[in-house]
>>> print(open('query-v3.tsv').read())   # TSV, C-alpha atoms and all ligand atoms
chain	number	residue	atom	x	y	z
A	28	MET	CA	-25.02	70.48	-12.34
A	29	ILE	CA	-23.73	66.96	-12.95
A	30	LYS	CA	-24.56	65.76	-16.44
A	31	ILE	CA	-26.52	62.48	-16.28
A	32	THR	CA	-26.84	60.30	-19.36
A	33	HIS	CA	-29.00	57.45	-18.07
A	34	PHE	CA	-30.95	56.39	-15.00
A	35	ASP	CA	-29.60	52.84	-14.86
A	36	HIS	CA	-31.22	51.00	-11.95
A	37	ILE	CA	-32.79	50.86	-8.53
A	38	SER	CA	-31.24	48.37	-6.12
A	39	THR	CA	-32.89	46.33	-3.37
A	40	ALA	CA	-30.94	44.69	-0.55
A	41	SER	CA	-32.35	41.56	1.06
A	42	GLU	CA	-31.21	38.42	2.85
A	43	ASN	CA	-33.87	36.40	1.11
A	44	GLN	CA	-32.62	35.73	-2.41
A	45	GLU	CA	-35.13	33.04	-3.35
A	46	ARG	CA	-38.18	34.93	-2.12
A	47	GLU	CA	-37.19	38.22	-3.81
A	48	ILE	CA	-36.31	36.54	-7.13
A	49	ASP	CA	-39.75	34.94	-7.04
A	50	LEU	CA	-41.34	38.35	-6.28
A	51	PHE	CA	-39.41	40.23	-8.96
A	52	THR	CA	-39.83	37.67	-11.75
A	53	ASN	CA	-43.20	36.02	-11.07
A	54	PHE	CA	-45.09	38.94	-9.54
A	55	PHE	CA	-43.45	42.04	-11.05
A	56	GLY	CA	-42.66	40.26	-14.34
A	57	PHE	CA	-39.01	41.38	-14.44
A	58	GLN	CA	-36.53	39.08	-16.19
A	59	ILE	CA	-33.12	38.08	-14.90
A	60	ARG	CA	-30.44	39.67	-17.06
A	61	THR	CA	-27.36	38.62	-15.12
A	62	GLU	CA	-26.21	37.03	-11.86
A	63	TRP	CA	-22.83	37.45	-10.22
A	64	HIS	CA	-20.88	37.05	-7.01
A	65	SER	CA	-18.78	39.90	-5.63
A	66	ASP	CA	-15.68	39.61	-3.45
A	67	GLU	CA	-17.13	42.52	-1.53
A	68	GLY	CA	-19.43	40.00	0.15
A	69	PHE	CA	-22.60	39.70	-1.83
A	70	TYR	CA	-24.54	38.00	-4.60
A	71	GLY	CA	-26.06	40.26	-7.22
A	72	VAL	CA	-28.93	39.73	-9.63
A	73	GLY	CA	-29.66	42.23	-12.40
A	74	PHE	CA	-33.18	42.38	-13.84
A	75	ASN	CA	-34.63	43.76	-17.04
A	76	VAL	CA	-37.72	45.82	-16.28
A	77	PRO	CA	-40.44	46.59	-18.85
A	78	GLY	CA	-40.32	50.11	-20.27
A	79	LYS	CA	-38.60	51.67	-23.25
A	80	ASP	CA	-36.13	53.62	-21.10
A	81	ARG	CA	-34.34	50.53	-19.79
A	82	VAL	CA	-34.36	51.48	-16.14
A	83	GLY	CA	-33.39	48.19	-14.53
A	84	TRP	CA	-33.56	46.65	-11.09
A	85	GLU	CA	-30.92	44.97	-8.96
A	86	LEU	CA	-31.03	42.61	-6.00
A	87	LEU	CA	-28.10	42.41	-3.58
A	88	VAL	CA	-27.85	39.58	-1.06
A	89	PRO	CA	-25.05	39.45	1.55
A	90	ASP	CA	-22.94	36.26	1.54
A	91	ASN	CA	-21.57	36.66	5.07
A	92	ASN	CA	-22.27	38.47	8.35
A	93	GLU	CA	-19.44	40.93	7.86
A	94	SER	CA	-20.80	42.20	4.55
A	95	PHE	CA	-21.65	45.92	4.35
A	96	LEU	CA	-25.11	44.74	3.33
A	97	THR	CA	-25.61	42.92	6.62
A	98	GLY	CA	-25.05	46.24	8.38
A	99	PHE	CA	-27.50	47.97	6.06
A	100	LEU	CA	-30.18	45.29	6.59
A	101	LYS	CA	-29.80	45.51	10.35
A	102	LYS	CA	-30.13	49.29	10.37
A	103	ASN	CA	-32.99	49.17	7.88
A	104	LYS	CA	-34.72	46.51	10.03
A	105	GLY	CA	-35.07	44.22	7.02
A	106	PRO	CA	-34.91	44.39	3.24
A	107	GLY	CA	-35.42	47.60	1.29
A	108	ILE	CA	-34.12	49.94	-1.37
A	109	HIS	CA	-30.34	50.20	-1.02
A	110	HIS	CA	-29.27	52.61	-3.76
A	111	VAL	CA	-30.07	54.15	-7.13
A	112	SER	CA	-27.59	54.23	-9.96
A	113	MET	CA	-27.11	56.85	-12.68
A	114	GLN	CA	-24.66	56.94	-15.57
A	115	ILE	CA	-22.51	60.04	-15.94
A	116	PRO	CA	-20.06	61.00	-18.71
A	117	SER	CA	-17.32	62.15	-16.33
A	118	ALA	CA	-16.54	61.03	-12.78
A	119	GLU	CA	-13.95	63.82	-12.45
A	120	GLU	CA	-16.56	66.44	-13.27
A	121	ALA	CA	-19.01	64.91	-10.76
A	122	ILE	CA	-16.36	64.91	-7.99
A	123	HIS	CA	-15.53	68.52	-8.74
A	124	ASN	CA	-19.20	69.46	-8.73
A	125	LEU	CA	-19.89	67.74	-5.39
A	126	GLU	CA	-16.83	69.22	-3.74
A	127	SER	CA	-17.80	72.70	-4.87
A	128	LEU	CA	-21.02	72.19	-2.89
A	129	ASN	CA	-19.05	70.92	0.12
A	130	ILE	CA	-20.26	67.36	-0.34
A	131	GLN	CA	-17.57	64.75	0.18
A	132	PRO	CA	-18.26	61.81	-2.18
A	133	VAL	CA	-17.07	58.22	-1.75
A	134	ILE	CA	-15.01	57.27	-4.79
A	135	THR	CA	-14.17	53.78	-6.11
A	136	LYS	CA	-12.59	52.64	-9.33
A	137	GLY	CA	-13.25	49.11	-10.55
A	138	GLU	CA	-12.95	47.33	-13.88
A	139	GLY	CA	-14.62	49.63	-16.36
A	140	HIS	CA	-16.51	51.71	-13.79
A	141	HIS	CA	-15.43	54.85	-12.01
A	142	ASN	CA	-17.98	55.31	-9.22
A	143	VAL	CA	-18.82	58.45	-7.31
A	144	TYR	CA	-21.22	57.87	-4.40
A	145	LEU	CA	-23.40	60.44	-2.75
A	146	HIS	CA	-23.67	59.07	0.78
A	147	PRO	CA	-27.13	58.83	2.43
A	148	LYS	CA	-25.93	61.04	5.27
A	149	ARG	CA	-23.83	63.39	3.13
A	150	GLY	CA	-26.20	64.84	0.57
A	151	GLY	CA	-28.35	61.79	-0.29
A	152	ALA	CA	-31.19	62.51	2.19
A	153	GLY	CA	-31.19	58.91	3.43
A	154	LEU	CA	-30.52	57.32	0.06
A	155	LEU	CA	-27.26	56.17	-1.52
A	156	PHE	CA	-26.74	57.54	-5.05
A	157	GLN	CA	-24.24	55.78	-7.29
A	158	LEU	CA	-22.97	57.90	-10.16
A	159	PHE	CA	-20.85	55.86	-12.55
A	160	GLU	CA	-18.67	56.62	-15.51
A	161	GLY	CA	-18.55	53.53	-17.71
A	162	GLU	CA	-20.81	51.24	-19.64
A	163	ALA	CA	-24.46	51.11	-18.59
A	164	TRP	CA	-25.68	47.82	-17.14
A	165	ASN	CA	-29.13	48.47	-18.59
A	166	ASN	CA	-28.09	49.95	-21.88
A	167	PRO	CA	-30.79	52.26	-23.28
A	168	ASP	CA	-29.25	52.05	-26.76
A	169	LEU	CA	-30.08	48.36	-27.00
A	170	PRO	CA	-33.59	47.42	-28.11
A	171	GLU	CA	-36.06	46.70	-25.31
A	172	PRO	CA	-35.87	42.99	-24.44
A	173	THR	CA	-38.88	40.85	-25.22
A	174	PHE	CA	-40.76	39.96	-22.08
A	175	LYS	CA	-42.46	36.60	-21.91
A	176	LYS	CA	-46.21	37.01	-21.52
A	177	ASN	CA	-47.01	36.22	-17.92
A	178	ILE	CA	-50.67	36.66	-17.04
A	179	ASN	CA	-49.95	35.78	-13.41
A	180	SER	CA	-47.75	38.83	-12.98
A	181	VAL	CA	-49.02	42.25	-12.03
A	182	GLY	CA	-48.18	43.39	-15.58
A	183	ILE	CA	-45.82	46.33	-15.09
A	184	LYS	CA	-45.58	48.74	-17.99
A	185	ARG	CA	-42.81	50.90	-16.53
A	186	ILE	CA	-41.37	52.38	-13.35
A	187	HIS	CA	-43.01	55.76	-12.80
A	188	HIS	CA	-41.27	57.24	-9.77
A	189	LEU	CA	-39.36	56.73	-6.59
A	190	ALA	CA	-40.53	58.73	-3.59
A	191	GLN	CA	-38.30	59.84	-0.76
A	192	ALA	CA	-39.50	60.97	2.65
A	193	VAL	CA	-37.45	63.99	3.70
A	194	ILE	CA	-37.62	66.53	6.49
A	195	ASP	CA	-37.66	69.59	4.24
A	196	GLU	CA	-38.60	68.93	0.62
A	197	ALA	CA	-37.75	72.46	-0.52
A	198	SER	CA	-34.12	72.24	0.59
A	199	VAL	CA	-33.69	68.74	-0.89
A	200	GLU	CA	-35.29	69.93	-4.13
A	201	ALA	CA	-32.81	72.83	-4.28
A	202	ARG	CA	-29.90	70.42	-3.70
A	203	TYR	CA	-31.07	67.86	-6.28
A	204	GLU	CA	-31.65	70.62	-8.80
A	205	LYS	CA	-28.10	71.89	-8.32
A	206	LEU	CA	-26.60	68.39	-8.33
A	207	PHE	CA	-28.69	66.37	-10.78
A	208	GLY	CA	-30.80	68.91	-12.65
A	209	TYR	CA	-34.04	67.54	-11.14
A	210	LYS	CA	-36.87	70.07	-11.60
A	211	SER	CA	-40.15	70.47	-9.75
A	212	ILE	CA	-43.14	69.98	-12.04
A	213	MET	CA	-45.98	69.51	-9.56
A	214	ARG	CA	-46.63	70.31	-5.95
A	215	GLY	CA	-49.29	68.30	-4.22
A	216	PRO	CA	-50.81	66.12	-3.11
A	217	ARG	CA	-53.66	66.16	-5.61
A	218	LYS	CA	-56.09	65.17	-2.83
A	219	THR	CA	-55.57	67.94	-0.29
A	220	SER	CA	-53.99	66.73	2.91
A	221	ASN	CA	-53.29	68.36	6.25
A	222	GLU	CA	-50.61	65.75	6.92
A	223	PHE	CA	-48.02	66.09	4.18
A	224	VAL	CA	-46.86	67.89	1.05
A	225	THR	CA	-45.31	66.31	-2.02
A	226	ASN	CA	-43.08	67.72	-4.69
A	227	VAL	CA	-42.83	65.79	-7.97
A	228	LEU	CA	-39.58	66.31	-9.83
A	229	GLU	CA	-38.68	65.62	-13.40
A	230	THR	CA	-35.28	63.94	-13.68
A	231	GLN	CA	-32.64	65.14	-16.12
A	232	THR	CA	-33.10	62.22	-18.53
A	233	LYS	CA	-36.89	62.03	-17.91
A	234	GLU	CA	-36.57	58.23	-17.65
A	235	ILE	CA	-38.32	58.20	-14.30
A	236	HIS	CA	-39.87	60.83	-12.03
A	237	TRP	CA	-38.85	61.60	-8.49
A	238	GLU	CA	-40.99	62.59	-5.51
A	239	LEU	CA	-40.12	64.30	-2.25
A	240	ILE	CA	-42.59	64.02	0.64
A	241	SER	CA	-42.48	66.07	3.82
A	242	SER	CA	-44.68	66.17	6.86
A	243	ILE	CA	-46.67	69.29	7.77
A	244	ASN	CA	-48.24	67.85	10.90
A	245	ASP	CA	-46.58	66.24	13.92
A	246	ASP	CA	-49.12	63.40	13.95
A	247	SER	CA	-48.80	62.56	10.25
A	248	PHE	CA	-47.69	59.16	8.97
A	249	ILE	CA	-44.74	60.84	7.24
A	250	LYS	CA	-43.61	62.33	10.54
A	251	LYS	CA	-43.89	58.87	12.13
A	252	PHE	CA	-41.91	57.38	9.24
A	253	LEU	CA	-39.19	60.04	9.64
A	254	ASN	CA	-39.07	59.57	13.42
A	255	GLU	CA	-38.74	55.80	13.13
A	256	ARG	CA	-36.49	55.45	10.11
A	257	GLY	CA	-35.12	58.87	9.26
A	258	GLU	CA	-35.05	60.28	5.74
A	259	GLY	CA	-35.03	57.72	2.93
A	260	PRO	CA	-36.96	55.86	0.23
A	261	HIS	CA	-40.70	55.89	0.97
A	262	HIS	CA	-42.38	54.18	-1.99
A	263	VAL	CA	-41.95	53.12	-5.58
A	264	THR	CA	-44.68	53.52	-8.20
A	265	PHE	CA	-45.28	51.21	-11.15
A	266	ILE	CA	-47.68	51.85	-14.03
A	267	VAL	CA	-49.56	48.63	-14.86
A	268	ASN	CA	-51.03	47.58	-18.20
A	269	ASP	CA	-54.30	46.10	-17.04
A	270	TRP	CA	-55.97	46.78	-13.69
A	271	LYS	CA	-57.93	43.50	-13.63
A	272	GLN	CA	-54.79	41.48	-14.27
A	273	ALA	CA	-52.94	43.39	-11.54
A	274	MET	CA	-55.71	42.75	-9.00
A	275	ARG	CA	-55.90	39.08	-9.98
A	276	ALA	CA	-52.13	38.75	-9.51
A	277	CYS	CA	-52.46	40.22	-5.99
A	278	LYS	CA	-55.32	37.89	-5.15
A	279	ASN	CA	-53.43	34.81	-6.39
A	280	ARG	CA	-50.57	35.73	-4.09
A	281	GLU	CA	-52.91	36.55	-1.19
A	282	ILE	CA	-51.74	40.14	-1.17
A	283	GLU	CA	-54.32	42.69	-0.07
A	284	PRO	CA	-53.94	46.05	-1.78
A	285	PHE	CA	-55.09	49.08	0.23
A	286	GLU	CA	-55.88	52.79	-0.16
A	287	PHE	CA	-57.68	52.39	-3.44
A	288	TYR	CA	-58.32	55.68	-5.20
A	289	GLU	CA	-60.03	56.33	-8.49
A	290	ASN	CA	-60.48	59.60	-10.35
A	291	THR	CA	-60.11	61.30	-13.71
A	292	ILE	CA	-57.66	63.76	-15.26
A	293	ASN	CA	-59.00	65.52	-18.37
A	294	ASN	CA	-61.82	62.98	-18.53
A	295	SER	CA	-59.39	60.05	-18.51
A	296	LYS	CA	-59.68	57.55	-15.72
A	297	TYR	CA	-56.93	56.37	-13.41
A	298	ILE	CA	-56.82	53.97	-10.45
A	299	GLU	CA	-54.25	53.72	-7.66
A	300	CYS	CA	-53.55	51.36	-4.76
A	301	PHE	CA	-50.69	50.41	-2.45
A	302	LEU	CA	-49.07	47.08	-1.56
A	303	HIS	CA	-47.53	46.57	1.87
A	304	PRO	CA	-43.71	46.44	2.28
A	305	ARG	CA	-43.93	43.10	4.16
A	306	ASP	CA	-44.97	41.44	0.88
A	307	MET	CA	-42.73	43.58	-1.37
A	308	ALA	CA	-39.11	43.06	-0.25
A	309	GLY	CA	-39.42	45.89	2.25
A	310	MET	CA	-40.73	48.41	-0.27
A	311	LEU	CA	-44.05	50.20	-0.17
A	312	VAL	CA	-45.31	49.71	-3.74
A	313	GLN	CA	-47.91	51.86	-5.47
A	314	LEU	CA	-49.70	50.49	-8.53
A	315	VAL	CA	-51.31	52.88	-10.98
A	316	TRP	CA	-53.43	52.21	-14.03
A	317	GLU	CA	-54.12	55.08	-16.40
A	318	GLU	CA	-56.70	55.02	-19.16
A	319	LYS	CA	-54.56	57.23	-21.38
A	320	GLU	CA	-50.80	56.84	-21.51
A	321	GLY	CA	-48.89	59.53	-19.65
A	322	ILE	CA	-51.83	61.40	-18.03
A	323	TRP	CA	-51.00	60.36	-14.47
A	324	ILE	CA	-48.36	62.08	-12.39
B	401	FE	FE	-26.26	48.85	-8.25
B	402	FE	FE	-45.76	58.87	-5.08
>>> encode(input="query-v3.tsv", output="structure tokens", more="lines below")
Ligand SMILES: [Fe+2]
Ligand SMILES: [Fe+2]
Amino acid sequence: MIKITHFDHISTASENQEREIDLFTNFFGFQIRTEWHSDEGFYGVGFNVPGKDRVGWELLVPDNNESFLTGFLKKNKGPGIHHVSMQIPSAEEAIHNLESLNIQPVITKGEGHHNVYLHPKRGGAGLLFQLFEGEAWNNPDLPEPTFKKNINSVGIKRIHHLAQAVIDEASVEARYEKLFGYKSIMRGPRKTSNEFVTNVLETQTKEIHWELISSINDDSFIKKFLNERGEGPHHVTFIVNDWKQAMRACKNREIEPFEFYENTINNSKYIECFLHPRDMAGMLVQLVWEEKEGIWI
């Protein structure tokens, strides 16, 4: 297993810098931490995200048509989640670990960061994983930044999980357990479905959860997703502070949430809904409000 010290960030690629910065800051309530330009052909924006674990967000925008991001955006048919990034104590150990499982990583060494990439098609199940030895961009040892009160935002409390659509969740679970120490803590879905199964994993640092979704029916929406796009990120789930504020923020932006669901766990209420990728930088977003902190999975 590769030792992971911090889940640093989730990264979105898009051609529309202005629109996504507006979405991330004004709607999600993230705050810009840093902006830079890379010779590798892109602009980057790093965001602070609410939550004590300091899991951040990143936006990458290609600066020319030859950029690797342009290729990604074309294949992805628009913006979407490009990679996730985790801090490791030793790149050498990670390389050794991957090679012992016959996974050939992509390795780069820049100023201060030794990166080991798990390619979407070579072990990543449609998602690029960046493992880096070096200083965290979203340093969990620093105190949580103060977020300006923004009642027009959806009011995110923290990132809960990232869900990946995969052909066979059991084999991906086994691989992620061996590689990253992810562990299954719940098999679902909670509302019985004849279309799909889900497998919720706890990550090694417990900073976010992970979810694997597989189809069990040839007509299911997961099967359609896999047929059209292949394996890859399916949705991201945020816990919100205040359901009324979240709904008002959607209304103000003329976003129509769908698939509302309300229930209780141990007599505590929770509410869920989804926001369409066309309004969310290519990501299907799930919002969840829980009456009691930590009850919802
Ligand atoms: Fe990144
Ligand atoms: Fe989910």
>>> atom_distance(input="query-v3.tsv", atom1="CA of Arg149 in chain A", atom2="CA of Gln131 in chain A")
7.1 Å
>>> residues_around(input="query-v3.tsv", residues="range 288-301 of chain A", least_positions_apart="4", cutoff="12 Å", atoms="all atoms listed in the file", output="PyMOL selection string")
chain A and resi 217-218+261-271+273-274+277+282-284+305-307+310-324
>>> residues_around(input="query-v3.tsv", residues="Gly98 in chain A", least_positions_apart="5", cutoff="12 Å", atoms="only C-alpha atoms", output="PyMOL selection string")
chain A and resi 40-42+68+88-89+91-93+103-106+109
>>> atom_distance(input="query-v3.tsv", atom1="CA of Lys101 in chain A", atom2="CA of Gly309 in chain A")
12.6 Å
>>> closest_residue(input="query-v3.tsv", among="A:Gly161, A:Pro116, A:Gly83, A:Gly78", to="ligand FE 401 (chain B)", atoms="all atoms listed in the file")
A:Gly83
>>> atom_distance(input="query-v3.tsv", atom1="CA of Ile134 in chain A", atom2="CA of Asp195 in chain A")
27.3 Å
>>> residues_near_ligand(input="query-v3.tsv", ligand="ligand FE 401 (chain B)", cutoff="7 Å", atoms="all atoms listed in the file", output="ChimeraX atom specification")
/A:36-38,85,110-112
>>> residues_near_point(input="query-v3.tsv", point="(-33.3, 41.4, -6.5)", cutoff="6 Å", atoms="only C-alpha atoms", output="VMD selection string")
chain A and resid 39 47 to 48 72 85 to 86
>>> closest_residue(input="query-v3.tsv", among="A:Ala308, A:Leu206, A:Ile186, A:Ile130", to="ligand FE 402 (chain B)", atoms="only C-alpha atoms and all ligand atoms")
A:Ile186
>>> closest_residue(input="query-v3.tsv", among="A:Ile122, A:Ile243, A:Val193, A:Met113", to="Gln157 in chain A", atoms="all atoms listed in the file")
A:Met113
>>> closest_residue(input="query-v3.tsv", among="A:Ser127, A:Ser211, A:Asn53, A:Gln191", to="ligand FE 402 (chain B)", atoms="all atoms listed in the file")
A:Gln191
>>> residues_around(input="query-v3.tsv", residues="Val224 in chain A", least_positions_apart="2", cutoff="9 Å", atoms="only C-alpha atoms", output="list in words")
Glu196, Arg214, Gly215, Pro216, Thr219, Ser220, Asn221, Glu222, Asn226, Leu239, Ile240, Ser241, Ser242 and Ile243 of chain A
>>> closest_residue(input="query-v3.tsv", among="A:Glu255, A:Leu189, A:Trp164, A:Phe223", to="ligand FE 402 (chain B)", atoms="all atoms listed in the file")
A:Leu189
>>> closest_residue(input="query-v3.tsv", among="A:Leu87, A:Leu96, A:Leu145, A:Leu253", to="Leu128 in chain A", atoms="all atoms listed in the file")
A:Leu145
>>> residues_near_point(input="query-v3.tsv", point="(-25.6, 69.2, -14.8)", cutoff="9 Å", atoms="all atoms listed in the file", output="ChimeraX atom specification")
/A:28-31,121,124,204-208,231
>>> residues_around(input="query-v3.tsv", residues="Phe54 in chain A", least_positions_apart="4", cutoff="8 Å", atoms="all atoms listed in the file", output="list in words")
Asp49, Leu50, Asn179, Ser180, Val181 and Ala276 of chain A
>>> decode(input="query-v3.tsv", residues="range 91-121 of chain A", atoms="N, CA and C atoms", output="mmCIF file, in the first residue's frame")
data_model
loop_
_atom_site.group_PDB
_atom_site.id
_atom_site.type_symbol
_atom_site.label_atom_id
_atom_site.label_comp_id
_atom_site.auth_asym_id
_atom_site.auth_seq_id
_atom_site.Cartn_x
_atom_site.Cartn_y
_atom_site.Cartn_z
ATOM 1 N N ASN A 91 -3.440 27.301 -25.196
ATOM 2 C CA ASN A 91 -3.267 27.162 -26.652
ATOM 3 C C ASN A 91 -3.879 25.833 -27.098
ATOM 4 N N ASN A 92 -4.027 25.679 -28.413
ATOM 5 C CA ASN A 92 -4.719 24.499 -28.947
ATOM 6 C C ASN A 92 -3.885 23.223 -28.910
ATOM 7 N N GLU A 93 -2.607 23.380 -28.622
ATOM 8 C CA GLU A 93 -1.731 22.209 -28.568
ATOM 9 C C GLU A 93 -1.636 21.656 -27.146
ATOM 10 N N SER A 94 -2.188 22.392 -26.193
ATOM 11 C CA SER A 94 -2.070 21.996 -24.787
ATOM 12 C C SER A 94 -2.667 20.603 -24.563
ATOM 13 N N PHE A 95 -2.072 19.838 -23.626
ATOM 14 C CA PHE A 95 -2.632 18.516 -23.306
ATOM 15 C C PHE A 95 -4.063 18.641 -22.806
ATOM 16 N N LEU A 96 -4.378 19.835 -22.267
ATOM 17 C CA LEU A 96 -5.748 20.038 -21.758
ATOM 18 C C LEU A 96 -6.758 20.158 -22.890
ATOM 19 N N THR A 97 -6.312 20.721 -24.021
ATOM 20 C CA THR A 97 -7.219 20.832 -25.170
ATOM 21 C C THR A 97 -7.634 19.426 -25.611
ATOM 22 N N GLY A 98 -6.668 18.512 -25.625
ATOM 23 C CA GLY A 98 -6.961 17.124 -25.978
ATOM 24 C C GLY A 98 -7.933 16.499 -25.001
ATOM 25 N N PHE A 99 -7.708 16.758 -23.720
ATOM 26 C CA PHE A 99 -8.598 16.220 -22.684
ATOM 27 C C PHE A 99 -10.021 16.748 -22.881
ATOM 28 N N LEU A 100 -10.139 18.068 -23.101
ATOM 29 C CA LEU A 100 -11.466 18.688 -23.209
ATOM 30 C C LEU A 100 -12.226 18.169 -24.429
ATOM 31 N N LYS A 101 -11.497 17.894 -25.489
ATOM 32 C CA LYS A 101 -12.102 17.369 -26.703
ATOM 33 C C LYS A 101 -12.652 15.962 -26.438
ATOM 34 N N LYS A 102 -11.818 15.142 -25.828
ATOM 35 C CA LYS A 102 -12.211 13.764 -25.540
ATOM 36 C C LYS A 102 -13.352 13.705 -24.525
ATOM 37 N N ASN A 103 -13.285 14.623 -23.573
ATOM 38 C CA ASN A 103 -14.296 14.679 -22.502
ATOM 39 C C ASN A 103 -15.587 15.350 -22.977
ATOM 40 N N LYS A 104 -15.573 15.882 -24.181
ATOM 41 C CA LYS A 104 -16.691 16.637 -24.773
ATOM 42 C C LYS A 104 -17.083 17.827 -23.897
ATOM 43 N N GLY A 105 -16.076 18.527 -23.390
ATOM 44 C CA GLY A 105 -16.345 19.714 -22.571
ATOM 45 C C GLY A 105 -15.598 19.649 -21.257
ATOM 46 N N PRO A 106 -15.904 20.605 -20.372
ATOM 47 C CA PRO A 106 -15.171 20.656 -19.099
ATOM 48 C C PRO A 106 -15.505 19.462 -18.207
ATOM 49 N N GLY A 107 -14.691 19.265 -17.183
ATOM 50 C CA GLY A 107 -14.954 18.171 -16.242
ATOM 51 C C GLY A 107 -13.780 17.954 -15.310
ATOM 52 N N ILE A 108 -13.928 16.972 -14.442
ATOM 53 C CA ILE A 108 -12.852 16.672 -13.487
ATOM 54 C C ILE A 108 -11.673 16.057 -14.234
ATOM 55 N N HIS A 109 -10.497 16.645 -14.028
ATOM 56 C CA HIS A 109 -9.307 16.223 -14.769
ATOM 57 C C HIS A 109 -8.416 15.289 -13.960
ATOM 58 N N HIS A 110 -8.190 15.594 -12.687
ATOM 59 C CA HIS A 110 -7.398 14.693 -11.847
ATOM 60 C C HIS A 110 -7.678 14.930 -10.369
ATOM 61 N N VAL A 111 -7.185 14.020 -9.546
ATOM 62 C CA VAL A 111 -7.178 14.225 -8.094
ATOM 63 C C VAL A 111 -5.727 14.134 -7.658
ATOM 64 N N SER A 112 -5.417 14.776 -6.551
ATOM 65 C CA SER A 112 -4.022 14.909 -6.151
ATOM 66 C C SER A 112 -3.842 14.548 -4.678
ATOM 67 N N MET A 113 -2.904 13.630 -4.419
ATOM 68 C CA MET A 113 -2.684 13.187 -3.040
ATOM 69 C C MET A 113 -1.202 13.293 -2.694
ATOM 70 N N GLN A 114 -0.930 13.739 -1.484
ATOM 71 C CA GLN A 114 0.455 13.876 -1.028
ATOM 72 C C GLN A 114 0.960 12.547 -0.458
ATOM 73 N N ILE A 115 2.172 12.204 -0.872
ATOM 74 C CA ILE A 115 2.796 10.966 -0.379
ATOM 75 C C ILE A 115 4.155 11.303 0.227
ATOM 76 N N PRO A 116 4.633 10.507 1.180
ATOM 77 C CA PRO A 116 5.945 10.801 1.769
ATOM 78 C C PRO A 116 7.101 10.406 0.852
ATOM 79 N N SER A 117 6.883 9.403 -0.021
ATOM 80 C CA SER A 117 8.002 8.930 -0.835
ATOM 81 C C SER A 117 7.563 8.519 -2.235
ATOM 82 N N ALA A 118 8.060 9.272 -3.239
ATOM 83 C CA ALA A 118 7.742 8.941 -4.633
ATOM 84 C C ALA A 118 8.378 7.593 -5.008
ATOM 85 N N GLU A 119 9.591 7.366 -4.527
ATOM 86 C CA GLU A 119 10.297 6.112 -4.844
ATOM 87 C C GLU A 119 9.476 4.907 -4.396
ATOM 88 N N GLU A 120 8.949 5.012 -3.173
ATOM 89 C CA GLU A 120 8.155 3.917 -2.620
ATOM 90 C C GLU A 120 6.885 3.703 -3.452
ATOM 91 N N ALA A 121 6.267 4.812 -3.893
ATOM 92 C CA ALA A 121 5.039 4.710 -4.699
ATOM 93 C C ALA A 121 5.335 4.036 -6.035
#
